[in-house]
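In what follows, a structure is listed as structure tokens, so that the remarks can point back to it.
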Amino acid sequence: MGSMMVLIIFFPSIIVSLLITIDTVFNNLKKVVSNKFVQMILIVLLYSTYLFCLLSLSVHLLDAVFYEYSLVLFIAYYFFQTYGKYLILLTPFLLMSYAKLIDIKMFISDDQLFIIGLIIFALFVVIDWLPFGWRNGKFTGLFILSMLISACFHLQGLAITSLFSYEDGMDVLIVTGSLVILVSFYLYFLLQEKENARIREELICSKIDSLTGAHNYSALSDKIEFLNERKPAVTVAMIDLDYFKQINDRYGHIVGNEVLRDFVQFLDAHLSLYLEKNKIEIYRFGGEEFCVFFYDLPKNEVYDIIEDFCLKMETYPVALEVSEGISITFSAGIESTVNQPDILETLKKADEACYIAKHAGRNRVIMYNVDY
């Protein structure tokens, strides 16, 4: 009865607690340490420590080793997918080292320890490679099968080399305990995914201008920092609505807000005719001024797209709640990072070109020229 409670309740609870700790530590580790090699070294050290705790508990509570591959399978499958599977091969070495260090009798030979590790490693590679099947379903089969294989070796060793006797049905207890571990972890995983989705949604909302639906200035600041690190080819268009103050003065700010919202919708629809969504980003720079990023598109092509939109806006009324509708024009300036890699400098030059377009009579698009 005692071993049953340990195998299906107490020990699985300990393992799930360690898995939650591992998840938390690994997530923080990725944020704090950027070097992949250092990450790998720290992960090996952490896993070695947790495995030692697990082994000590197993021997102390059950006089045998069970679930010794439970942590590494989760690490390899969910937390550290690139190199985690190689920790499976490291596990037999760690088990032998711990056995000698704290004088634990393993009841099976070193060769058998290696055989267990190789079998579980091979199972992991094959099941992970399978192109079909539900991901969590594949892991469930892998985990239960691995726990049973390991337990069979250890129980056989116990039966042969010791007088200690386990009751019948140990395989059922191992499967039950494995299911408790899996269900508990999946519940934790689902809760984490739900919380992460909520955080992502809040983050997205915090980066969107509530009036127009464009990205807001905070999102623009983050993107500028990101682009300065990556330095992709970006063409920037700065767009400023013409005579917007007069619209506010004549029709009021409610209509002015409708004009801004309609303008962004029309701009987004127009750009979508030419480009995929991942090639463009629209930001509200401030007031009636907008900034558009075009990725991997020469500035002469951007000029043609914006010029075409400029011509269409002359005859397309926005804020239709106003009886006569309001025709909107805009001025725009264009510059590309091809001429200078600094995105902030590119944005400033596009803004200069927009200013020149304003003073040249408005309702026009100008590409930045160093001679201006």
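Ligands are numbered from 1 in the order shown, residues from 1 within each chain, and chains are lettered A, B, ... in the order they appear in the structure tokens.
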
Open item on the list: What's around region 226-233 of chain A at 8 Å? Count only C-alpha atoms, leave out sequence neighbours fewer than 3 positions away in its own chain, and write the answer as a count of residues only.
Closed with: 11

Residue list (helix (DSSP H, G or I), DSSP) for region 163-341 of chain A, as a PDB file with N, CA and C atoms, in the first residue's frame:
```
ATOM      1  N   MET A 170       2.989  -3.971 -10.421  1.00  0.00           N
ATOM      2  CA  MET A 170       3.821  -2.766 -10.437  1.00  0.00           C
ATOM      3  C   MET A 170       3.718  -2.042 -11.769  1.00  0.00           C
ATOM      4  N   ASP A 171       3.525  -2.803 -12.852  1.00  0.00           N
ATOM      5  CA  ASP A 171       3.399  -2.155 -14.156  1.00  0.00           C
ATOM      6  C   ASP A 171       2.168  -1.250 -14.202  1.00  0.00           C
ATOM      7  N   VAL A 172       1.085  -1.706 -13.561  1.00  0.00           N
ATOM      8  CA  VAL A 172      -0.139  -0.892 -13.507  1.00  0.00           C
ATOM      9  C   VAL A 172       0.104   0.378 -12.698  1.00  0.00           C
ATOM     10  N   LEU A 173       0.840   0.237 -11.594  1.00  0.00           N
ATOM     11  CA  LEU A 173       1.150   1.408 -10.766  1.00  0.00           C
ATOM     12  C   LEU A 173       2.010   2.408 -11.530  1.00  0.00           C
ATOM     13  N   ILE A 174       2.976   1.909 -12.286  1.00  0.00           N
ATOM     14  CA  ILE A 174       3.853   2.788 -13.069  1.00  0.00           C
ATOM     15  C   ILE A 174       3.050   3.540 -14.123  1.00  0.00           C
ATOM     16  N   VAL A 175       2.166   2.818 -14.820  1.00  0.00           N
ATOM     17  CA  VAL A 175       1.327   3.462 -15.845  1.00  0.00           C
ATOM     18  C   VAL A 175       0.417   4.506 -15.204  1.00  0.00           C
ATOM     19  N   THR A 176      -0.185   4.146 -14.058  1.00  0.00           N
ATOM     20  CA  THR A 176      -1.077   5.086 -13.366  1.00  0.00           C
ATOM     21  C   THR A 176      -0.323   6.333 -12.925  1.00  0.00           C
ATOM     22  N   GLY A 177       0.852   6.122 -12.326  1.00  0.00           N
ATOM     23  CA  GLY A 177       1.667   7.264 -11.905  1.00  0.00           C
ATOM     24  C   GLY A 177       2.086   8.127 -13.077  1.00  0.00           C
ATOM     25  N   SER A 178       2.415   7.478 -14.195  1.00  0.00           N
ATOM     26  CA  SER A 178       2.798   8.226 -15.401  1.00  0.00           C
ATOM     27  C   SER A 178       1.641   9.075 -15.907  1.00  0.00           C
ATOM     28  N   LEU A 179       0.438   8.508 -15.878  1.00  0.00           N
ATOM     29  CA  LEU A 179      -0.746   9.261 -16.315  1.00  0.00           C
ATOM     30  C   LEU A 179      -1.021  10.448 -15.397  1.00  0.00           C
ATOM     31  N   VAL A 180      -0.800  10.254 -14.093  1.00  0.00           N
ATOM     32  CA  VAL A 180      -0.974  11.368 -13.146  1.00  0.00           C
ATOM     33  C   VAL A 180      -0.004  12.497 -13.482  1.00  0.00           C
ATOM     34  N   ILE A 181       1.237  12.138 -13.779  1.00  0.00           N
ATOM     35  CA  ILE A 181       2.239  13.146 -14.158  1.00  0.00           C
ATOM     36  C   ILE A 181       1.819  13.867 -15.429  1.00  0.00           C
ATOM     37  N   LEU A 182       1.423  13.103 -16.439  1.00  0.00           N
ATOM     38  CA  LEU A 182       1.064  13.683 -17.737  1.00  0.00           C
ATOM     39  C   LEU A 182      -0.152  14.596 -17.636  1.00  0.00           C
ATOM     40  N   VAL A 183      -1.207  14.105 -16.978  1.00  0.00           N
ATOM     41  CA  VAL A 183      -2.431  14.912 -16.864  1.00  0.00           C
ATOM     42  C   VAL A 183      -2.154  16.192 -16.083  1.00  0.00           C
ATOM     43  N   SER A 184      -1.398  16.080 -14.991  1.00  0.00           N
ATOM     44  CA  SER A 184      -1.077  17.263 -14.178  1.00  0.00           C
ATOM     45  C   SER A 184      -0.272  18.272 -14.983  1.00  0.00           C
ATOM     46  N   PHE A 185       0.698  17.775 -15.748  1.00  0.00           N
ATOM     47  CA  PHE A 185       1.516  18.694 -16.548  1.00  0.00           C
ATOM     48  C   PHE A 185       0.701  19.338 -17.663  1.00  0.00           C
ATOM     49  N   TYR A 186      -0.144  18.547 -18.321  1.00  0.00           N
ATOM     50  CA  TYR A 186      -0.956  19.106 -19.408  1.00  0.00           C
ATOM     51  C   TYR A 186      -1.915  20.175 -18.884  1.00  0.00           C
ATOM     52  N   LEU A 187      -2.468  19.959 -17.687  1.00  0.00           N
ATOM     53  CA  LEU A 187      -3.332  20.981 -17.089  1.00  0.00           C
ATOM     54  C   LEU A 187      -2.542  22.254 -16.818  1.00  0.00           C
ATOM     55  N   TYR A 188      -1.348  22.079 -16.273  1.00  0.00           N
ATOM     56  CA  TYR A 188      -0.473  23.242 -16.042  1.00  0.00           C
ATOM     57  C   TYR A 188      -0.130  23.928 -17.357  1.00  0.00           C
ATOM     58  N   PHE A 189       0.166  23.125 -18.370  1.00  0.00           N
ATOM     59  CA  PHE A 189       0.538  23.654 -19.690  1.00  0.00           C
ATOM     60  C   PHE A 189      -0.624  24.446 -20.299  1.00  0.00           C
ATOM     61  N   LEU A 190      -1.842  23.924 -20.177  1.00  0.00           N
ATOM     62  CA  LEU A 190      -3.020  24.621 -20.699  1.00  0.00           C
ATOM     63  C   LEU A 190      -3.245  25.941 -19.979  1.00  0.00           C
ATOM     64  N   LEU A 191      -3.070  25.934 -18.658  1.00  0.00           N
ATOM     65  CA  LEU A 191      -3.218  27.173 -17.889  1.00  0.00           C
ATOM     66  C   LEU A 191      -2.169  28.195 -18.300  1.00  0.00           C
ATOM     67  N   GLN A 192      -0.938  27.720 -18.536  1.00  0.00           N
ATOM     68  CA  GLN A 192       0.132  28.619 -18.978  1.00  0.00           C
ATOM     69  C   GLN A 192      -0.174  29.206 -20.347  1.00  0.00           C
ATOM     70  N   GLU A 193      -0.664  28.355 -21.262  1.00  0.00           N
ATOM     71  CA  GLU A 193      -1.006  28.831 -22.605  1.00  0.00           C
ATOM     72  C   GLU A 193      -2.127  29.861 -22.553  1.00  0.00           C
ATOM     73  N   LYS A 194      -3.099  29.614 -21.682  1.00  0.00           N
ATOM     74  CA  LYS A 194      -4.212  30.557 -21.533  1.00  0.00           C
ATOM     75  C   LYS A 194      -3.710  31.894 -21.007  1.00  0.00           C
ATOM     76  N   GLU A 195      -2.835  31.841 -20.018  1.00  0.00           N
ATOM     77  CA  GLU A 195      -2.284  33.074 -19.450  1.00  0.00           C
ATOM     78  C   GLU A 195      -1.408  33.803 -20.457  1.00  0.00           C
ATOM     79  N   ASN A 196      -0.601  33.055 -21.200  1.00  0.00           N
ATOM     80  CA  ASN A 196       0.257  33.673 -22.221  1.00  0.00           C
ATOM     81  C   ASN A 196      -0.573  34.321 -23.325  1.00  0.00           C
ATOM     82  N   ALA A 197      -1.682  33.658 -23.701  1.00  0.00           N
ATOM     83  CA  ALA A 197      -2.566  34.234 -24.724  1.00  0.00           C
ATOM     84  C   ALA A 197      -3.179  35.540 -24.229  1.00  0.00           C
ATOM     85  N   ARG A 198      -3.548  35.569 -22.950  1.00  0.00           N
ATOM     86  CA  ARG A 198      -4.112  36.794 -22.371  1.00  0.00           C
ATOM     87  C   ARG A 198      -3.079  37.919 -22.363  1.00  0.00           C
ATOM     88  N   ILE A 199      -1.848  37.580 -22.005  1.00  0.00           N
ATOM     89  CA  ILE A 199      -0.779  38.582 -21.973  1.00  0.00           C
ATOM     90  C   ILE A 199      -0.482  39.095 -23.375  1.00  0.00           C
ATOM     91  N   ARG A 200      -0.454  38.162 -24.354  1.00  0.00           N
ATOM     92  CA  ARG A 200      -0.211  38.578 -25.742  1.00  0.00           C
ATOM     93  C   ARG A 200      -1.311  39.507 -26.239  1.00  0.00           C
ATOM     94  N   GLU A 201      -2.553  39.177 -25.884  1.00  0.00           N
ATOM     95  CA  GLU A 201      -3.688  40.005 -26.303  1.00  0.00           C
ATOM     96  C   GLU A 201      -3.587  41.400 -25.691  1.00  0.00           C
ATOM     97  N   GLU A 202      -3.237  41.459 -24.412  1.00  0.00           N
ATOM     98  CA  GLU A 202      -3.084  42.756 -23.751  1.00  0.00           C
ATOM     99  C   GLU A 202      -1.934  43.546 -24.364  1.00  0.00           C
ATOM    100  N   LEU A 203      -0.855  42.839 -24.702  1.00  0.00           N
ATOM    101  CA  LEU A 203       0.296  43.506 -25.304  1.00  0.00           C
ATOM    102  C   LEU A 203      -0.053  44.067 -26.674  1.00  0.00           C
ATOM    103  N   ILE A 204      -0.782  43.268 -27.459  1.00  0.00           N
ATOM    104  CA  ILE A 204      -1.196  43.735 -28.788  1.00  0.00           C
ATOM    105  C   ILE A 204      -2.097  44.958 -28.666  1.00  0.00           C
ATOM    106  N   CYS A 205      -3.049  44.890 -27.740  1.00  0.00           N
ATOM    107  CA  CYS A 205      -3.973  46.020 -27.553  1.00  0.00           C
ATOM    108  C   CYS A 205      -3.228  47.268 -27.111  1.00  0.00           C
ATOM    109  N   SER A 206      -2.188  47.095 -26.308  1.00  0.00           N
ATOM    110  CA  SER A 206      -1.430  48.254 -25.827  1.00  0.00           C
ATOM    111  C   SER A 206      -0.603  48.890 -26.930  1.00  0.00           C
ATOM    112  N   TYR A 217       2.306  54.978 -31.313  1.00  0.00           N
ATOM    113  CA  TYR A 217       3.680  55.495 -31.262  1.00  0.00           C
ATOM    114  C   TYR A 217       4.581  54.605 -30.407  1.00  0.00           C
ATOM    115  N   SER A 218       4.013  54.003 -29.370  1.00  0.00           N
ATOM    116  CA  SER A 218       4.794  53.084 -28.541  1.00  0.00           C
ATOM    117  C   SER A 218       5.276  51.894 -29.362  1.00  0.00           C
ATOM    118  N   ALA A 219       4.384  51.357 -30.206  1.00  0.00           N
ATOM    119  CA  ALA A 219       4.767  50.246 -31.088  1.00  0.00           C
ATOM    120  C   ALA A 219       5.833  50.690 -32.082  1.00  0.00           C
ATOM    121  N   LEU A 220       5.725  51.928 -32.566  1.00  0.00           N
ATOM    122  CA  LEU A 220       6.718  52.453 -33.504  1.00  0.00           C
ATOM    123  C   LEU A 220       8.092  52.543 -32.849  1.00  0.00           C
ATOM    124  N   SER A 221       8.134  53.008 -31.611  1.00  0.00           N
ATOM    125  CA  SER A 221       9.409  53.112 -30.888  1.00  0.00           C
ATOM    126  C   SER A 221      10.062  51.746 -30.729  1.00  0.00           C
ATOM    127  N   ASP A 222       9.252  50.740 -30.374  1.00  0.00           N
ATOM    128  CA  ASP A 222       9.781  49.377 -30.232  1.00  0.00           C
ATOM    129  C   ASP A 222      10.289  48.847 -31.568  1.00  0.00           C
ATOM    130  N   LYS A 223       9.548  49.132 -32.648  1.00  0.00           N
ATOM    131  CA  LYS A 223       9.939  48.630 -33.967  1.00  0.00           C
ATOM    132  C   LYS A 223      11.221  49.302 -34.447  1.00  0.00           C
ATOM    133  N   ILE A 224      11.392  50.584 -34.173  1.00  0.00           N
ATOM    134  CA  ILE A 224      12.621  51.288 -34.556  1.00  0.00           C
ATOM    135  C   ILE A 224      13.828  50.649 -33.876  1.00  0.00           C
ATOM    136  N   GLU A 225      13.688  50.349 -32.588  1.00  0.00           N
ATOM    137  CA  GLU A 225      14.777  49.694 -31.849  1.00  0.00           C
ATOM    138  C   GLU A 225      15.082  48.317 -32.434  1.00  0.00           C
ATOM    139  N   PHE A 226      14.032  47.569 -32.762  1.00  0.00           N
ATOM    140  CA  PHE A 226      14.193  46.233 -33.347  1.00  0.00           C
ATOM    141  C   PHE A 226      14.876  46.305 -34.711  1.00  0.00           C
ATOM    142  N   LEU A 227      14.438  47.239 -35.561  1.00  0.00           N
ATOM    143  CA  LEU A 227      14.987  47.350 -36.916  1.00  0.00           C
ATOM    144  C   LEU A 227      16.429  47.822 -36.906  1.00  0.00           C
ATOM    145  N   ASN A 228      16.795  48.635 -35.943  1.00  0.00           N
ATOM    146  CA  ASN A 228      18.185  49.086 -35.864  1.00  0.00           C
ATOM    147  C   ASN A 228      19.126  47.948 -35.494  1.00  0.00           C
ATOM    148  N   GLU A 229      18.593  46.925 -34.815  1.00  0.00           N
ATOM    149  CA  GLU A 229      19.406  45.748 -34.492  1.00  0.00           C
ATOM    150  C   GLU A 229      19.505  44.808 -35.689  1.00  0.00           C
ATOM    151  N   ARG A 230      18.395  44.589 -36.390  1.00  0.00           N
ATOM    152  CA  ARG A 230      18.351  43.633 -37.501  1.00  0.00           C
ATOM    153  C   ARG A 230      18.783  44.245 -38.833  1.00  0.00           C
ATOM    154  N   PHE A 244      -6.110  69.421 -42.043  1.00  0.00           N
ATOM    155  CA  PHE A 244      -6.933  68.658 -41.104  1.00  0.00           C
ATOM    156  C   PHE A 244      -7.511  69.544 -40.002  1.00  0.00           C
ATOM    157  N   LYS A 245      -6.769  70.561 -39.606  1.00  0.00           N
ATOM    158  CA  LYS A 245      -7.265  71.481 -38.571  1.00  0.00           C
ATOM    159  C   LYS A 245      -8.558  72.159 -39.025  1.00  0.00           C
ATOM    160  N   GLN A 246      -8.628  72.484 -40.312  1.00  0.00           N
ATOM    161  CA  GLN A 246      -9.834  73.135 -40.834  1.00  0.00           C
ATOM    162  C   GLN A 246     -11.046  72.200 -40.752  1.00  0.00           C
ATOM    163  N   ILE A 247     -10.811  70.903 -40.930  1.00  0.00           N
ATOM    164  CA  ILE A 247     -11.904  69.924 -40.804  1.00  0.00           C
ATOM    165  C   ILE A 247     -12.418  69.902 -39.371  1.00  0.00           C
ATOM    166  N   ASN A 248     -11.485  69.868 -38.416  1.00  0.00           N
ATOM    167  CA  ASN A 248     -11.887  69.891 -37.007  1.00  0.00           C
ATOM    168  C   ASN A 248     -12.652  71.163 -36.667  1.00  0.00           C
ATOM    169  N   ASP A 249     -12.153  72.299 -37.177  1.00  0.00           N
ATOM    170  CA  ASP A 249     -12.794  73.583 -36.869  1.00  0.00           C
ATOM    171  C   ASP A 249     -14.183  73.678 -37.487  1.00  0.00           C
ATOM    172  N   ARG A 250     -14.354  73.134 -38.689  1.00  0.00           N
ATOM    173  CA  ARG A 250     -15.630  73.269 -39.393  1.00  0.00           C
ATOM    174  C   ARG A 250     -16.652  72.232 -38.950  1.00  0.00           C
ATOM    175  N   TYR A 251     -16.209  70.970 -38.822  1.00  0.00           N
ATOM    176  CA  TYR A 251     -17.167  69.887 -38.569  1.00  0.00           C
ATOM    177  C   TYR A 251     -17.128  69.374 -37.123  1.00  0.00           C
ATOM    178  N   HIS A 253     -14.594  67.732 -33.712  1.00  0.00           N
ATOM    179  CA  HIS A 253     -13.596  66.674 -33.508  1.00  0.00           C
ATOM    180  C   HIS A 253     -14.164  65.272 -33.725  1.00  0.00           C
ATOM    181  N   ILE A 254     -15.456  65.090 -33.525  1.00  0.00           N
ATOM    182  CA  ILE A 254     -16.043  63.761 -33.761  1.00  0.00           C
ATOM    183  C   ILE A 254     -15.919  63.388 -35.234  1.00  0.00           C
ATOM    184  N   VAL A 255     -16.263  64.348 -36.115  1.00  0.00           N
ATOM    185  CA  VAL A 255     -16.105  64.106 -37.552  1.00  0.00           C
ATOM    186  C   VAL A 255     -14.627  63.969 -37.897  1.00  0.00           C
ATOM    187  N   GLY A 256     -13.792  64.785 -37.259  1.00  0.00           N
ATOM    188  CA  GLY A 256     -12.348  64.675 -37.489  1.00  0.00           C
ATOM    189  C   GLY A 256     -11.824  63.292 -37.163  1.00  0.00           C
ATOM    190  N   ASN A 257     -12.323  62.707 -36.070  1.00  0.00           N
ATOM    191  CA  ASN A 257     -11.928  61.341 -35.705  1.00  0.00           C
ATOM    192  C   ASN A 257     -12.392  60.327 -36.748  1.00  0.00           C
ATOM    193  N   GLU A 258     -13.605  60.552 -37.285  1.00  0.00           N
ATOM    194  CA  GLU A 258     -14.110  59.662 -38.335  1.00  0.00           C
ATOM    195  C   GLU A 258     -13.230  59.739 -39.580  1.00  0.00           C
ATOM    196  N   VAL A 259     -12.765  60.941 -39.889  1.00  0.00           N
ATOM    197  CA  VAL A 259     -11.878  61.124 -41.043  1.00  0.00           C
ATOM    198  C   VAL A 259     -10.593  60.324 -40.853  1.00  0.00           C
ATOM    199  N   LEU A 260      -9.998  60.408 -39.667  1.00  0.00           N
ATOM    200  CA  LEU A 260      -8.757  59.675 -39.391  1.00  0.00           C
ATOM    201  C   LEU A 260      -8.982  58.166 -39.502  1.00  0.00           C
ATOM    202  N   ARG A 261     -10.082  57.689 -38.925  1.00  0.00           N
ATOM    203  CA  ARG A 261     -10.377  56.253 -38.959  1.00  0.00           C
ATOM    204  C   ARG A 261     -10.617  55.777 -40.392  1.00  0.00           C
ATOM    205  N   ASP A 262     -11.411  56.531 -41.149  1.00  0.00           N
ATOM    206  CA  ASP A 262     -11.699  56.148 -42.533  1.00  0.00           C
ATOM    207  C   ASP A 262     -10.441  56.184 -43.389  1.00  0.00           C
ATOM    208  N   PHE A 263      -9.603  57.184 -43.152  1.00  0.00           N
ATOM    209  CA  PHE A 263      -8.378  57.309 -43.946  1.00  0.00           C
ATOM    210  C   PHE A 263      -7.484  56.086 -43.774  1.00  0.00           C
ATOM    211  N   VAL A 264      -7.307  55.642 -42.527  1.00  0.00           N
ATOM    212  CA  VAL A 264      -6.456  54.471 -42.270  1.00  0.00           C
ATOM    213  C   VAL A 264      -7.062  53.221 -42.904  1.00  0.00           C
ATOM    214  N   GLN A 265      -8.366  53.079 -42.844  1.00  0.00           N
ATOM    215  CA  GLN A 265      -9.021  51.920 -43.469  1.00  0.00           C
ATOM    216  C   GLN A 265      -8.808  51.922 -44.980  1.00  0.00           C
ATOM    217  N   PHE A 266      -8.954  53.092 -45.604  1.00  0.00           N
ATOM    218  CA  PHE A 266      -8.742  53.194 -47.050  1.00  0.00           C
ATOM    219  C   PHE A 266      -7.282  52.933 -47.410  1.00  0.00           C
ATOM    220  N   LEU A 267      -6.369  53.477 -46.602  1.00  0.00           N
ATOM    221  CA  LEU A 267      -4.939  53.275 -46.848  1.00  0.00           C
ATOM    222  C   LEU A 267      -4.585  51.794 -46.753  1.00  0.00           C
ATOM    223  N   ASP A 268      -5.075  51.141 -45.712  1.00  0.00           N
ATOM    224  CA  ASP A 268      -4.793  49.714 -45.524  1.00  0.00           C
ATOM    225  C   ASP A 268      -5.361  48.891 -46.678  1.00  0.00           C
ATOM    226  N   ALA A 269      -6.584  49.208 -47.095  1.00  0.00           N
ATOM    227  CA  ALA A 269      -7.206  48.480 -48.212  1.00  0.00           C
ATOM    228  C   ALA A 269      -6.433  48.701 -49.507  1.00  0.00           C
ATOM    229  N   HIS A 270      -5.965  49.919 -49.728  1.00  0.00           N
ATOM    230  CA  HIS A 270      -5.210  50.231 -50.946  1.00  0.00           C
ATOM    231  C   HIS A 270      -3.874  49.483 -50.969  1.00  0.00           C
ATOM    232  N   LEU A 271      -3.154  49.510 -49.854  1.00  0.00           N
ATOM    233  CA  LEU A 271      -1.853  48.833 -49.799  1.00  0.00           C
ATOM    234  C   LEU A 271      -2.007  47.323 -49.954  1.00  0.00           C
ATOM    235  N   SER A 272      -3.120  46.788 -49.456  1.00  0.00           N
ATOM    236  CA  SER A 272      -3.360  45.338 -49.552  1.00  0.00           C
ATOM    237  C   SER A 272      -3.562  44.880 -50.992  1.00  0.00           C
ATOM    238  N   LEU A 273      -3.895  45.817 -51.883  1.00  0.00           N
ATOM    239  CA  LEU A 273      -4.031  45.468 -53.300  1.00  0.00           C
ATOM    240  C   LEU A 273      -2.679  45.153 -53.926  1.00  0.00           C
ATOM    241  N   TYR A 274      -1.620  45.716 -53.367  1.00  0.00           N
ATOM    242  CA  TYR A 274      -0.283  45.581 -53.943  1.00  0.00           C
ATOM    243  C   TYR A 274       0.614  44.610 -53.170  1.00  0.00           C
ATOM    244  N   LYS A 277       0.237  41.407 -46.176  1.00  0.00           N
ATOM    245  CA  LYS A 277       0.159  42.111 -44.896  1.00  0.00           C
ATOM    246  C   LYS A 277       1.501  42.167 -44.171  1.00  0.00           C
ATOM    247  N   ASN A 278       2.309  41.103 -44.319  1.00  0.00           N
ATOM    248  CA  ASN A 278       3.582  41.085 -43.598  1.00  0.00           C
ATOM    249  C   ASN A 278       4.644  41.978 -44.229  1.00  0.00           C
ATOM    250  N   LYS A 279       4.319  42.622 -45.343  1.00  0.00           N
ATOM    251  CA  LYS A 279       5.257  43.520 -46.021  1.00  0.00           C
ATOM    252  C   LYS A 279       5.025  44.987 -45.672  1.00  0.00           C
ATOM    253  N   LYS A 299      12.185  52.234 -53.059  1.00  0.00           N
ATOM    254  CA  LYS A 299      11.381  53.425 -52.782  1.00  0.00           C
ATOM    255  C   LYS A 299      10.674  53.964 -54.022  1.00  0.00           C
ATOM    256  N   ASN A 300      11.186  53.657 -55.224  1.00  0.00           N
ATOM    257  CA  ASN A 300      10.461  54.106 -56.422  1.00  0.00           C
ATOM    258  C   ASN A 300       9.131  53.361 -56.570  1.00  0.00           C
ATOM    259  N   GLU A 301       9.102  52.076 -56.150  1.00  0.00           N
ATOM    260  CA  GLU A 301       7.843  51.322 -56.182  1.00  0.00           C
ATOM    261  C   GLU A 301       6.889  51.815 -55.096  1.00  0.00           C
ATOM    262  N   VAL A 302       7.440  52.137 -53.938  1.00  0.00           N
ATOM    263  CA  VAL A 302       6.617  52.713 -52.871  1.00  0.00           C
ATOM    264  C   VAL A 302       6.029  54.042 -53.333  1.00  0.00           C
ATOM    265  N   TYR A 303       6.853  54.823 -54.019  1.00  0.00           N
ATOM    266  CA  TYR A 303       6.379  56.110 -54.550  1.00  0.00           C
ATOM    267  C   TYR A 303       5.166  55.899 -55.462  1.00  0.00           C
ATOM    268  N   ASP A 304       5.246  54.938 -56.355  1.00  0.00           N
ATOM    269  CA  ASP A 304       4.137  54.683 -57.289  1.00  0.00           C
ATOM    270  C   ASP A 304       2.859  54.288 -56.542  1.00  0.00           C
ATOM    271  N   ILE A 305       3.017  53.456 -55.504  1.00  0.00           N
ATOM    272  CA  ILE A 305       1.851  52.998 -54.737  1.00  0.00           C
ATOM    273  C   ILE A 305       1.198  54.162 -53.992  1.00  0.00           C
ATOM    274  N   ILE A 306       2.022  54.972 -53.325  1.00  0.00           N
ATOM    275  CA  ILE A 306       1.487  56.100 -52.551  1.00  0.00           C
ATOM    276  C   ILE A 306       0.932  57.177 -53.478  1.00  0.00           C
ATOM    277  N   GLU A 307       1.593  57.403 -54.611  1.00  0.00           N
ATOM    278  CA  GLU A 307       1.111  58.391 -55.587  1.00  0.00           C
ATOM    279  C   GLU A 307      -0.265  57.978 -56.120  1.00  0.00           C
ATOM    280  N   ASP A 308      -0.434  56.697 -56.395  1.00  0.00           N
ATOM    281  CA  ASP A 308      -1.729  56.200 -56.871  1.00  0.00           C
ATOM    282  C   ASP A 308      -2.811  56.418 -55.810  1.00  0.00           C
ATOM    283  N   PHE A 309      -2.454  56.164 -54.549  1.00  0.00           N
ATOM    284  CA  PHE A 309      -3.404  56.384 -53.455  1.00  0.00           C
ATOM    285  C   PHE A 309      -3.745  57.868 -53.315  1.00  0.00           C
ATOM    286  N   CYS A 310      -2.750  58.702 -53.514  1.00  0.00           N
ATOM    287  CA  CYS A 310      -2.947  60.153 -53.437  1.00  0.00           C
ATOM    288  C   CYS A 310      -3.979  60.613 -54.471  1.00  0.00           C
ATOM    289  N   LEU A 311      -3.882  60.097 -55.679  1.00  0.00           N
ATOM    290  CA  LEU A 311      -4.822  60.464 -56.747  1.00  0.00           C
ATOM    291  C   LEU A 311      -6.235  59.970 -56.429  1.00  0.00           C
ATOM    292  N   LYS A 312      -6.329  58.763 -55.873  1.00  0.00           N
ATOM    293  CA  LYS A 312      -7.646  58.206 -55.548  1.00  0.00           C
ATOM    294  C   LYS A 312      -8.332  58.981 -54.429  1.00  0.00           C
ATOM    295  N   MET A 313      -7.563  59.434 -53.449  1.00  0.00           N
ATOM    296  CA  MET A 313      -8.152  60.116 -52.304  1.00  0.00           C
ATOM    297  C   MET A 313      -8.767  61.454 -52.676  1.00  0.00           C
ATOM    298  N   GLU A 314      -8.318  62.052 -53.784  1.00  0.00           N
ATOM    299  CA  GLU A 314      -8.874  63.340 -54.213  1.00  0.00           C
ATOM    300  C   GLU A 314     -10.367  63.234 -54.485  1.00  0.00           C
ATOM    301  N   THR A 315     -10.803  62.091 -54.965  1.00  0.00           N
ATOM    302  CA  THR A 315     -12.204  61.931 -55.384  1.00  0.00           C
ATOM    303  C   THR A 315     -12.981  60.966 -54.497  1.00  0.00           C
TER     304      THR A 315
END
```

TODO: For CA of Phe10 (chain A) and CA of Leu94 (chain A), quote the distance in Å rounded to one decimal.
DONE: 23.7 Å

Task: Non-local contacts of region 13-29 of chain A (9 Å; only C-alpha atoms; under 4 positions in same chain excluded) as a PyMOL selection string - done: chain A and resi 8-9+33-34+39+42-43+46-47+50+54+67+70-71+74-75+79-80+180-182+184-185+188

May I have the selected residues written with C-alpha atoms, as a short mmCIF file (atom, residue, chain, number, x, y, z; two decimals), in the first residue's frame?
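result-v8.cif was written with the following content:
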```
data_model
loop_
_atom_site.label_atom_id
_atom_site.label_comp_id
_atom_site.auth_asym_id
_atom_site.auth_seq_id
_atom_site.Cartn_x
_atom_site.Cartn_y
_atom_site.Cartn_z
CA ILE A 8 0.90 7.13 -8.04
CA ILE A 9 0.52 10.19 -5.79
CA VAL A 33 21.29 34.65 -21.01
CA SER A 34 21.45 35.20 -24.78
CA GLN A 39 22.37 28.38 -21.91
CA LEU A 42 23.39 25.95 -17.37
CA ILE A 43 20.59 23.64 -18.48
CA LEU A 46 20.24 22.33 -13.60
CA TYR A 47 19.10 19.00 -14.99
CA TYR A 50 17.19 17.92 -10.35
CA LEU A 54 14.83 12.66 -7.94
CA TYR A 67 10.81 7.64 -13.15
CA SER A 70 10.67 11.57 -16.53
CA LEU A 71 12.34 14.99 -16.29
CA PHE A 74 9.76 16.66 -20.78
CA ILE A 75 12.86 18.83 -21.15
CA PHE A 79 11.54 22.94 -23.06
CA PHE A 80 14.82 22.42 -24.92
CA VAL A 180 -0.97 11.37 -13.15
CA ILE A 181 2.24 13.15 -14.16
CA LEU A 182 1.06 13.68 -17.74
CA SER A 184 -1.08 17.26 -14.18
CA PHE A 185 1.52 18.69 -16.55
CA TYR A 188 -0.47 23.24 -16.04
#
```
